[in-house]
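Have a look at my_file.pdb below; it lists PDB, C-alpha atoms, pLDDT in the B column.
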ATOM      1  CA  ASP A   1       0.984 -11.897   8.486  1.00 52.00           C
ATOM      2  CA  THR A   2       2.492  -9.087  10.547  1.00 74.00           C
ATOM      3  CA  GLY A   3       3.554  -5.885   8.879  1.00 92.00           C
ATOM      4  CA  VAL A   4       6.361  -3.502   9.722  1.00 96.00           C
ATOM      5  CA  SER A   5       6.201  -2.369  13.343  1.00 96.00           C
ATOM      6  CA  GLN A   6       7.783   0.686  14.921  1.00 97.00           C
ATOM      7  CA  ASN A   7       8.255   1.654  18.534  1.00 97.00           C
ATOM      8  CA  PRO A   8       7.529   3.940  20.173  1.00 97.00           C
ATOM      9  CA  ARG A   9       4.665   5.420  18.164  1.00 96.00           C
ATOM     10  CA  HIS A  10       5.115   8.806  19.816  1.00 96.00           C
ATOM     11  CA  LYS A  11       8.041  10.434  21.571  1.00 98.00           C
ATOM     12  CA  ILE A  12       8.244  13.814  23.261  1.00 98.00           C
ATOM     13  CA  THR A  13      11.666  14.933  24.379  1.00 98.00           C
ATOM     14  CA  LYS A  14      13.501  18.046  25.422  1.00 97.00           C
ATOM     15  CA  ARG A  15      16.091  19.681  23.231  1.00 97.00           C
ATOM     16  CA  GLY A  16      19.510  18.187  23.806  1.00 97.00           C
ATOM     17  CA  GLN A  17      18.284  14.750  24.848  1.00 98.00           C
ATOM     18  CA  ASN A  18      19.053  11.550  22.948  1.00 98.00           C
ATOM     19  CA  VAL A  19      16.279   9.394  21.504  1.00 98.00           C
ATOM     20  CA  THR A  20      16.229   5.937  19.943  1.00 98.00           C
ATOM     21  CA  PHE A  21      13.591   4.422  17.681  1.00 98.00           C
ATOM     22  CA  ARG A  22      13.151   0.794  16.757  1.00 98.00           C
ATOM     23  CA  CYS A  23      11.861  -0.788  13.560  1.00 98.00           C
ATOM     24  CA  ASP A  24      10.951  -4.459  13.119  1.00 97.00           C
ATOM     25  CA  PRO A  25      10.612  -5.319   9.429  1.00 96.00           C
ATOM     26  CA  ILE A  26       8.395  -7.922   7.851  1.00 94.00           C
ATOM     27  CA  SER A  27       9.873 -11.340   8.512  1.00 91.00           C
ATOM     28  CA  GLU A  28      12.535 -12.368   5.972  1.00 88.00           C
ATOM     29  CA  HIS A  29      12.691  -8.927   4.385  1.00 92.00           C
ATOM     30  CA  ASN A  30      16.364  -8.215   3.912  1.00 90.00           C
ATOM     31  CA  ARG A  31      16.200  -4.537   2.940  1.00 94.00           C
ATOM     32  CA  LEU A  32      15.250  -1.860   5.453  1.00 96.00           C
ATOM     33  CA  TYR A  33      14.819   1.865   4.809  1.00 97.00           C
ATOM     34  CA  TRP A  34      14.427   4.900   7.064  1.00 97.00           C
ATOM     35  CA  TYR A  35      12.607   8.024   5.896  1.00 97.00           C
ATOM     36  CA  ARG A  36      11.653  11.279   7.603  1.00 97.00           C
ATOM     37  CA  GLN A  37       8.397  13.093   6.956  1.00 95.00           C
ATOM     38  CA  THR A  38       7.685  16.649   8.057  1.00 95.00           C
ATOM     39  CA  LEU A  39       4.272  18.286   8.025  1.00 90.00           C
ATOM     40  CA  GLY A  40       3.009  18.974   4.542  1.00 88.00           C
ATOM     41  CA  GLN A  41       5.840  17.110   2.853  1.00 92.00           C
ATOM     42  CA  GLY A  42       6.425  13.688   1.406  1.00 94.00           C
ATOM     43  CA  PRO A  43       8.836  11.266   3.075  1.00 96.00           C
ATOM     44  CA  GLU A  44      12.539  11.962   2.539  1.00 96.00           C
ATOM     45  CA  PHE A  45      15.089   9.174   2.378  1.00 96.00           C
ATOM     46  CA  LEU A  46      17.563   8.938   5.272  1.00 97.00           C
ATOM     47  CA  THR A  47      19.382   5.617   4.995  1.00 96.00           C
ATOM     48  CA  TYR A  48      19.031   2.002   3.961  1.00 95.00           C
ATOM     49  CA  PHE A  49      20.351  -1.432   4.891  1.00 95.00           C
ATOM     50  CA  GLN A  50      20.716  -4.646   3.007  1.00 93.00           C
ATOM     51  CA  ASN A  51      20.894  -7.302   5.695  1.00 92.00           C
ATOM     52  CA  GLU A  52      23.215  -5.769   8.321  1.00 93.00           C
ATOM     53  CA  ALA A  53      25.159  -3.543   5.917  1.00 93.00           C
ATOM     54  CA  GLN A  54      24.306   0.154   5.741  1.00 93.00           C
ATOM     55  CA  LEU A  55      24.649   0.842   2.026  1.00 92.00           C
ATOM     56  CA  GLU A  56      23.559   4.441   1.592  1.00 92.00           C
ATOM     57  CA  LYS A  57      23.101   7.523   3.755  1.00 93.00           C
ATOM     58  CA  SER A  58      21.450  10.788   2.794  1.00 93.00           C
ATOM     59  CA  ARG A  59      23.052  14.172   3.349  1.00 89.00           C
ATOM     60  CA  LEU A  60      20.067  14.761   5.629  1.00 82.00           C
ATOM     61  CA  LEU A  61      21.625  12.311   8.055  1.00 85.00           C
ATOM     62  CA  SER A  62      23.880  14.560  10.105  1.00 89.00           C
ATOM     63  CA  ASP A  63      26.546  13.319  12.507  1.00 93.00           C
ATOM     64  CA  ARG A  64      23.949  13.361  15.269  1.00 96.00           C
ATOM     65  CA  PHE A  65      22.033  10.555  13.552  1.00 96.00           C
ATOM     66  CA  SER A  66      23.120   6.945  13.608  1.00 96.00           C
ATOM     67  CA  ALA A  67      21.350   3.825  12.435  1.00 96.00           C
ATOM     68  CA  GLU A  68      22.152   0.194  13.002  1.00 96.00           C
ATOM     69  CA  ARG A  69      20.848  -3.181  11.992  1.00 96.00           C
ATOM     70  CA  PRO A  70      23.127  -5.474  13.958  1.00 91.00           C
ATOM     71  CA  LYS A  71      21.766  -8.893  13.039  1.00 87.00           C
ATOM     72  CA  GLY A  72      20.044  -8.051   9.810  1.00 85.00           C
ATOM     73  CA  SER A  73      16.639  -8.103  11.455  1.00 91.00           C
ATOM     74  CA  PHE A  74      15.400  -5.116  13.494  1.00 96.00           C
ATOM     75  CA  SER A  75      16.958  -1.681  13.136  1.00 97.00           C
ATOM     76  CA  THR A  76      17.441   1.278  15.466  1.00 97.00           C
ATOM     77  CA  LEU A  77      17.709   4.958  14.620  1.00 97.00           C
ATOM     78  CA  GLU A  78      19.330   7.145  17.269  1.00 97.00           C
ATOM     79  CA  ILE A  79      19.337  10.927  17.344  1.00 97.00           C
ATOM     80  CA  GLN A  80      21.816  12.537  19.707  1.00 97.00           C
ATOM     81  CA  ARG A  81      21.466  16.042  21.112  1.00 97.00           C
ATOM     82  CA  THR A  82      18.041  16.524  19.591  1.00 97.00           C
ATOM     83  CA  GLU A  83      17.078  19.876  18.088  1.00 96.00           C
ATOM     84  CA  GLN A  84      13.633  21.336  17.457  1.00 96.00           C
ATOM     85  CA  GLY A  85      14.204  20.842  13.742  1.00 95.00           C
ATOM     86  CA  ASP A  86      14.317  17.087  14.317  1.00 96.00           C
ATOM     87  CA  SER A  87      10.582  17.095  15.071  1.00 97.00           C
ATOM     88  CA  ALA A  88       9.040  14.886  12.385  1.00 96.00           C
ATOM     89  CA  MET A  89       7.527  11.510  11.645  1.00 95.00           C
ATOM     90  CA  TYR A  90      10.200   8.839  11.227  1.00 97.00           C
ATOM     91  CA  LEU A  91       9.105   6.069   8.911  1.00 97.00           C
ATOM     92  CA  CYS A  92      10.619   2.652   8.405  1.00 97.00           C
ATOM     93  CA  ALA A  93      10.025   0.461   5.360  1.00 97.00           C
ATOM     94  CA  SER A  94      11.145  -3.027   4.453  1.00 96.00           C
ATOM     95  CA  SER A  95      11.350  -5.038   1.265  1.00 93.00           C
ATOM     96  CA  LEU A  96      12.444  -8.412  -0.009  1.00 89.00           C
ATOM     97  CA  ASP A  97      15.323  -8.663  -2.455  1.00 75.00           C
ATOM     98  CA  ARG A  98      14.065 -10.759  -5.317  1.00 75.00           C
ATOM     99  CA  THR A  99      13.845 -10.477  -9.070  1.00 66.00           C
ATOM    100  CA  GLY A 100      11.413  -7.883 -10.281  1.00 76.00           C
ATOM    101  CA  VAL A 101      10.591  -4.433  -9.021  1.00 82.00           C
ATOM    102  CA  GLU A 102      11.002  -4.041  -5.288  1.00 90.00           C
ATOM    103  CA  THR A 103       8.025  -2.813  -3.280  1.00 93.00           C
ATOM    104  CA  GLN A 104       8.641  -1.092   0.045  1.00 95.00           C
ATOM    105  CA  TYR A 105       6.142  -1.678   2.852  1.00 95.00           C
ATOM    106  CA  PHE A 106       5.937   0.992   5.501  1.00 96.00           C
ATOM    107  CA  GLY A 107       5.402   0.889   9.226  1.00 96.00           C
ATOM    108  CA  PRO A 108       3.096   3.256  11.136  1.00 95.00           C
ATOM    109  CA  GLY A 109       5.930   5.632  11.982  1.00 95.00           C
ATOM    110  CA  THR A 110       7.311   7.224  15.136  1.00 96.00           C
ATOM    111  CA  ARG A 111       6.246  10.800  15.669  1.00 96.00           C
ATOM    112  CA  LEU A 112       8.947  12.836  17.436  1.00 97.00           C
ATOM    113  CA  LEU A 113       8.324  16.173  19.096  1.00 98.00           C
ATOM    114  CA  VAL A 114      11.333  18.065  20.419  1.00 98.00           C
ATOM    115  CA  LEU A 115      10.446  20.814  22.889  1.00 97.00           C
TER     116      LEU A 115
ATOM    117  CA  ALA B 116      18.611  13.299 -10.252  1.00 79.00           C
ATOM    118  CA  GLN B 117      14.989  12.302  -9.874  1.00 87.00           C
ATOM    119  CA  SER B 118      11.981  14.353  -8.850  1.00 92.00           C
ATOM    120  CA  VAL B 119       8.220  14.145  -8.557  1.00 95.00           C
ATOM    121  CA  ALA B 120       5.623  16.879  -8.785  1.00 96.00           C
ATOM    122  CA  GLN B 121       2.088  16.660  -7.511  1.00 97.00           C
ATOM    123  CA  PRO B 122       0.599  19.922  -8.761  1.00 96.00           C
ATOM    124  CA  GLU B 123      -2.539  19.870  -6.619  1.00 97.00           C
ATOM    125  CA  ASP B 124      -2.396  20.271  -2.848  1.00 97.00           C
ATOM    126  CA  GLN B 125      -6.008  19.138  -2.562  1.00 98.00           C
ATOM    127  CA  VAL B 126      -8.598  17.471  -4.757  1.00 98.00           C
ATOM    128  CA  ASN B 127     -12.274  17.666  -3.888  1.00 98.00           C
ATOM    129  CA  VAL B 128     -14.740  15.231  -5.411  1.00 98.00           C
ATOM    130  CA  ALA B 129     -18.279  14.101  -4.690  1.00 98.00           C
ATOM    131  CA  GLU B 130     -18.874  10.476  -3.777  1.00 98.00           C
ATOM    132  CA  GLY B 131     -19.593   8.401  -6.861  1.00 97.00           C
ATOM    133  CA  ASN B 132     -17.732  10.743  -9.196  1.00 98.00           C
ATOM    134  CA  PRO B 133     -14.431   9.897 -10.899  1.00 98.00           C
ATOM    135  CA  LEU B 134     -11.276  10.739  -8.990  1.00 98.00           C
ATOM    136  CA  THR B 135      -7.963  11.765 -10.573  1.00 98.00           C
ATOM    137  CA  VAL B 136      -4.768  12.642  -8.701  1.00 98.00           C
ATOM    138  CA  LYS B 137      -1.999  14.039 -10.888  1.00 98.00           C
ATOM    139  CA  CYS B 138       1.705  13.200 -10.833  1.00 98.00           C
ATOM    140  CA  THR B 139       4.565  14.137 -13.132  1.00 97.00           C
ATOM    141  CA  TYR B 140       8.107  12.910 -12.779  1.00 96.00           C
ATOM    142  CA  SER B 141      11.668  13.456 -13.893  1.00 94.00           C
ATOM    143  CA  VAL B 142      14.219  10.654 -13.873  1.00 91.00           C
ATOM    144  CA  SER B 143      17.281   9.537 -15.806  1.00 89.00           C
ATOM    145  CA  GLY B 144      16.606   6.286 -17.572  1.00 85.00           C
ATOM    146  CA  ASN B 145      13.545   4.120 -17.131  1.00 87.00           C
ATOM    147  CA  PRO B 146      11.159   5.254 -14.400  1.00 90.00           C
ATOM    148  CA  TYR B 147       9.800   3.017 -11.681  1.00 92.00           C
ATOM    149  CA  LEU B 148       6.677   4.694 -10.345  1.00 95.00           C
ATOM    150  CA  PHE B 149       4.561   4.106  -7.273  1.00 96.00           C
ATOM    151  CA  TRP B 150       1.452   5.377  -5.541  1.00 98.00           C
ATOM    152  CA  TYR B 151       0.973   5.209  -1.785  1.00 98.00           C
ATOM    153  CA  VAL B 152      -1.902   6.364   0.428  1.00 97.00           C
ATOM    154  CA  GLN B 153      -1.612   7.683   3.984  1.00 95.00           C
ATOM    155  CA  TYR B 154      -4.458   7.844   6.473  1.00 91.00           C
ATOM    156  CA  PRO B 155      -4.178  10.089   9.569  1.00 85.00           C
ATOM    157  CA  ASN B 156      -1.570   8.957  12.087  1.00 77.00           C
ATOM    158  CA  ARG B 157      -0.686   5.932  10.006  1.00 79.00           C
ATOM    159  CA  GLY B 158       2.125   4.877   7.729  1.00 85.00           C
ATOM    160  CA  LEU B 159       2.001   4.688   3.962  1.00 94.00           C
ATOM    161  CA  GLN B 160       0.028   1.917   2.290  1.00 95.00           C
ATOM    162  CA  PHE B 161       1.148   0.665  -1.114  1.00 95.00           C
ATOM    163  CA  LEU B 162      -1.482   1.035  -3.854  1.00 97.00           C
ATOM    164  CA  LEU B 163       0.241   0.165  -7.122  1.00 95.00           C
ATOM    165  CA  LYS B 164       3.436   0.347  -9.140  1.00 94.00           C
ATOM    166  CA  TYR B 165       4.404   0.762 -12.784  1.00 93.00           C
ATOM    167  CA  ILE B 166       6.794  -1.622 -14.435  1.00 81.00           C
ATOM    168  CA  THR B 167       7.546  -1.442 -18.148  1.00 78.00           C
ATOM    169  CA  GLY B 168       4.630  -2.940 -20.021  1.00 80.00           C
ATOM    170  CA  ASP B 169       0.988  -1.967 -19.967  1.00 83.00           C
ATOM    171  CA  ASN B 170       0.458   1.739 -19.559  1.00 92.00           C
ATOM    172  CA  LEU B 171      -2.635   1.153 -17.418  1.00 95.00           C
ATOM    173  CA  VAL B 172      -1.772  -0.323 -14.041  1.00 95.00           C
ATOM    174  CA  LYS B 173      -4.436  -1.767 -11.761  1.00 94.00           C
ATOM    175  CA  GLY B 174      -3.950  -1.681  -8.001  1.00 94.00           C
ATOM    176  CA  SER B 175      -5.658  -2.067  -4.654  1.00 92.00           C
ATOM    177  CA  TYR B 176      -9.103  -0.770  -3.639  1.00 93.00           C
ATOM    178  CA  GLY B 177     -10.234  -0.147  -7.224  1.00 95.00           C
ATOM    179  CA  PHE B 178      -7.449   2.322  -8.025  1.00 97.00           C
ATOM    180  CA  GLU B 179      -5.570   2.379 -11.294  1.00 97.00           C
ATOM    181  CA  ALA B 180      -2.891   4.598 -12.783  1.00 97.00           C
ATOM    182  CA  GLU B 181      -2.070   5.620 -16.320  1.00 96.00           C
ATOM    183  CA  PHE B 182       1.555   5.936 -17.395  1.00 96.00           C
ATOM    184  CA  ASN B 183       2.280   8.428 -20.171  1.00 95.00           C
ATOM    185  CA  LYS B 184       5.902   8.483 -21.248  1.00 93.00           C
ATOM    186  CA  SER B 185       5.652  11.491 -23.561  1.00 94.00           C
ATOM    187  CA  GLN B 186       4.043  13.609 -20.853  1.00 95.00           C
ATOM    188  CA  THR B 187       6.176  12.036 -18.072  1.00 95.00           C
ATOM    189  CA  SER B 188       3.016  11.536 -16.055  1.00 97.00           C
ATOM    190  CA  PHE B 189       1.574   8.814 -13.854  1.00 97.00           C
ATOM    191  CA  HIS B 190      -1.898   9.935 -12.806  1.00 98.00           C
ATOM    192  CA  LEU B 191      -3.896   7.956 -10.249  1.00 98.00           C
ATOM    193  CA  LYS B 192      -7.540   7.291 -11.037  1.00 98.00           C
ATOM    194  CA  LYS B 193     -10.624   5.730  -9.574  1.00 98.00           C
ATOM    195  CA  PRO B 194     -13.872   5.529 -11.565  1.00 97.00           C
ATOM    196  CA  SER B 195     -16.175   6.044  -8.575  1.00 97.00           C
ATOM    197  CA  ALA B 196     -14.841   7.661  -5.398  1.00 97.00           C
ATOM    198  CA  LEU B 197     -15.901   6.635  -1.896  1.00 97.00           C
ATOM    199  CA  VAL B 198     -15.944   8.787   1.241  1.00 96.00           C
ATOM    200  CA  SER B 199     -13.435   6.319   2.695  1.00 95.00           C
ATOM    201  CA  ASP B 200     -10.969   7.288  -0.081  1.00 96.00           C
ATOM    202  CA  SER B 201     -10.418  10.600   1.705  1.00 97.00           C
ATOM    203  CA  ALA B 202      -6.714  10.537   2.572  1.00 97.00           C
ATOM    204  CA  LEU B 203      -3.278  11.843   1.577  1.00 97.00           C
ATOM    205  CA  TYR B 204      -1.876  10.367  -1.626  1.00 98.00           C
ATOM    206  CA  PHE B 205       1.811  10.242  -2.549  1.00 98.00           C
ATOM    207  CA  CYS B 206       3.455   9.559  -5.873  1.00 98.00           C
ATOM    208  CA  ALA B 207       7.037   8.260  -5.816  1.00 97.00           C
ATOM    209  CA  VAL B 208       9.752   7.488  -8.369  1.00 95.00           C
ATOM    210  CA  ARG B 209      13.137   5.882  -8.598  1.00 91.00           C
ATOM    211  CA  SER B 210      15.501   5.071 -11.465  1.00 87.00           C
ATOM    212  CA  HIS B 211      16.293   1.468 -10.514  1.00 85.00           C
ATOM    213  CA  SER B 212      14.219  -1.577  -9.730  1.00 84.00           C
ATOM    214  CA  TRP B 213      15.237  -1.162  -6.084  1.00 84.00           C
ATOM    215  CA  GLY B 214      16.523   1.574  -3.796  1.00 89.00           C
ATOM    216  CA  LYS B 215      15.422   4.845  -2.257  1.00 93.00           C
ATOM    217  CA  LEU B 216      12.173   6.416  -3.347  1.00 95.00           C
ATOM    218  CA  GLN B 217      11.735  10.084  -4.196  1.00 96.00           C
ATOM    219  CA  PHE B 218       8.292  11.213  -3.072  1.00 97.00           C
ATOM    220  CA  GLY B 219       6.086  14.092  -4.132  1.00 97.00           C
ATOM    221  CA  ALA B 220       4.662  16.490  -1.569  1.00 97.00           C
ATOM    222  CA  GLY B 221       1.337  14.689  -1.519  1.00 97.00           C
ATOM    223  CA  THR B 222      -2.240  15.475  -2.538  1.00 98.00           C
ATOM    224  CA  GLN B 223      -5.043  15.564  -0.005  1.00 97.00           C
ATOM    225  CA  VAL B 224      -8.181  13.956  -1.406  1.00 98.00           C
ATOM    226  CA  VAL B 225     -11.517  14.956   0.105  1.00 98.00           C
ATOM    227  CA  VAL B 226     -14.562  12.954  -0.945  1.00 97.00           C
ATOM    228  CA  THR B 227     -17.884  14.457   0.154  1.00 97.00           C
ATOM    229  CA  PRO B 228     -21.083  12.439   0.572  1.00 95.00           C
TER     230      PRO B 228
END
As structure tokens, how would this structure be written, given the file I've shared?
Amino acid sequence: DTGVSQNPRHKITKRGQNVTFRCDPISEHNRLYWYRQTLGQGPEFLTYFQNEAQLEKSRLLSDRFSAERPKGSFSTLEIQRTEQGDSAMYLCASSLDRTGVETQYFGPGTRLLVL
Amino acid sequence: AQSVAQPEDQVNVAEGNPLTVKCTYSVSGNPYLFWYVQYPNRGLQFLLKYITGDNLVKGSYGFEAEFNKSQTSFHLKKPSALVSDSALYFCAVRSHSWGKLQFGAGTQVVVTP
């Protein structure tokens, strides 16, 4: 039973560069969430997909951020023109849409450092 | 709007003693409450969740949580702490059975031998 996987685990980039992260959810999970966690804070919601449809985006998700889930399986999160303030841990979670209270299962995260 | 408060940045406890991590919440409607644990350089691991019903919820690794509607609290407890319980604990809430979670700032638990 494989959990949620995220790649890369770490990314160091220079300000102004573009970066892309990938999330592979638990097999058959149809909901996928992205969160951002900065040091000393809890995760903050960024966006979520049900299958391939992006259903909600946070105000935190500026125009430089874009997320996709083209076939309803893996998802990518791209940050264009990175800024130092983008340095954070980016967490992905997946869940299965069924009756009852949904539980989100998290991946190990991608830690981004923008120099 | 929904929010979570974890009033303690850090909780220190001796191994074998009871452990309590506090959480209070604010949400419109019925609350759906969760506890997660995070070890260094790792993602969040699900511990337990509250659904309407019993106010005492049992979860993984011997943890349990007590829901108190009048005090809008959902405190995490463990009767006898282990050194391996040292980690960062997050409380989370939402107002629907699915959807985005609102997390607290986290409480660092330190269990000393």
Interface residues on chain A facing chain B, 6 Å, all atoms listed in the file, written as a compact mmCIF listing (two decimals) with C-alpha atoms, in the frame of the given file:
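Listing of selection.txt after writing:
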# COMPACT_ATOMS: atom_id res chain seq x y z
CA GLN A 41 5.84 17.11 2.85
CA GLY A 42 6.42 13.69 1.41
CA VAL A 101 10.59 -4.43 -9.02
CA GLU A 102 11.00 -4.04 -5.29
CA PHE A 106 5.94 0.99 5.50
CA GLY A 107 5.40 0.89 9.23
CA PRO A 108 3.10 3.26 11.14
CA GLY A 109 5.93 5.63 11.98
Report summary line: The distance between atom CA of Ala129 of chain B and atom CA of Asp200 of chain B is 11.0 Å
Report task. Excluding Val224 of chain B and any residue of its chain fewer than 3 positions from it, enumerate the residues within 12 Å of it, using all atoms listed in the file, and give them as JSON, numbers by chain. Result -> {"B": [123, 124, 125, 126, 127, 128, 129, 130, 134, 135, 136, 137, 152, 153, 154, 191, 192, 193, 196, 197, 198, 199, 200, 201, 202, 203, 204, 205, 221, 227]}
Can those selected residues be exported to a file as a PDB file, keeping the file's coordinate frame so that it contains C-alpha atoms?
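Result went into selection-v3.pdb, see below:
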ATOM      1  CA  GLU B 123      -2.539  19.870  -6.619  1.00 97.00           C
ATOM      2  CA  ASP B 124      -2.396  20.271  -2.848  1.00 97.00           C
ATOM      3  CA  GLN B 125      -6.008  19.138  -2.562  1.00 98.00           C
ATOM      4  CA  VAL B 126      -8.598  17.471  -4.757  1.00 98.00           C
ATOM      5  CA  ASN B 127     -12.274  17.666  -3.888  1.00 98.00           C
ATOM      6  CA  VAL B 128     -14.740  15.231  -5.411  1.00 98.00           C
ATOM      7  CA  ALA B 129     -18.279  14.101  -4.690  1.00 98.00           C
ATOM      8  CA  GLU B 130     -18.874  10.476  -3.777  1.00 98.00           C
ATOM      9  CA  LEU B 134     -11.276  10.739  -8.990  1.00 98.00           C
ATOM     10  CA  THR B 135      -7.963  11.765 -10.573  1.00 98.00           C
ATOM     11  CA  VAL B 136      -4.768  12.642  -8.701  1.00 98.00           C
ATOM     12  CA  LYS B 137      -1.999  14.039 -10.888  1.00 98.00           C
ATOM     13  CA  VAL B 152      -1.902   6.364   0.428  1.00 97.00           C
ATOM     14  CA  GLN B 153      -1.612   7.683   3.984  1.00 95.00           C
ATOM     15  CA  TYR B 154      -4.458   7.844   6.473  1.00 91.00           C
ATOM     16  CA  LEU B 191      -3.896   7.956 -10.249  1.00 98.00           C
ATOM     17  CA  LYS B 192      -7.540   7.291 -11.037  1.00 98.00           C
ATOM     18  CA  LYS B 193     -10.624   5.730  -9.574  1.00 98.00           C
ATOM     19  CA  ALA B 196     -14.841   7.661  -5.398  1.00 97.00           C
ATOM     20  CA  LEU B 197     -15.901   6.635  -1.896  1.00 97.00           C
ATOM     21  CA  VAL B 198     -15.944   8.787   1.241  1.00 96.00           C
ATOM     22  CA  SER B 199     -13.435   6.319   2.695  1.00 95.00           C
ATOM     23  CA  ASP B 200     -10.969   7.288  -0.081  1.00 96.00           C
ATOM     24  CA  SER B 201     -10.418  10.600   1.705  1.00 97.00           C
ATOM     25  CA  ALA B 202      -6.714  10.537   2.572  1.00 97.00           C
ATOM     26  CA  LEU B 203      -3.278  11.843   1.577  1.00 97.00           C
ATOM     27  CA  TYR B 204      -1.876  10.367  -1.626  1.00 98.00           C
ATOM     28  CA  PHE B 205       1.811  10.242  -2.549  1.00 98.00           C
ATOM     29  CA  GLY B 221       1.337  14.689  -1.519  1.00 97.00           C
ATOM     30  CA  THR B 227     -17.884  14.457   0.154  1.00 97.00           C
TER      31      THR B 227
END
**Report entry** Atomic distance atom CA of Leu46 of chain A - atom CA of Val19 of chain A, expressed in Å with one decimal
**Finding:**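 Atom-to-atom, atom CA of Leu46 of chain A to atom CA of Val19 of chain A, that is 16.3 Å.
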**Report entry** Atomic distance atom CA of Thr76 of chain A - atom CA of Ser118 of chain B, expressed in Å with one decimal
**Finding:** 28.1 Å
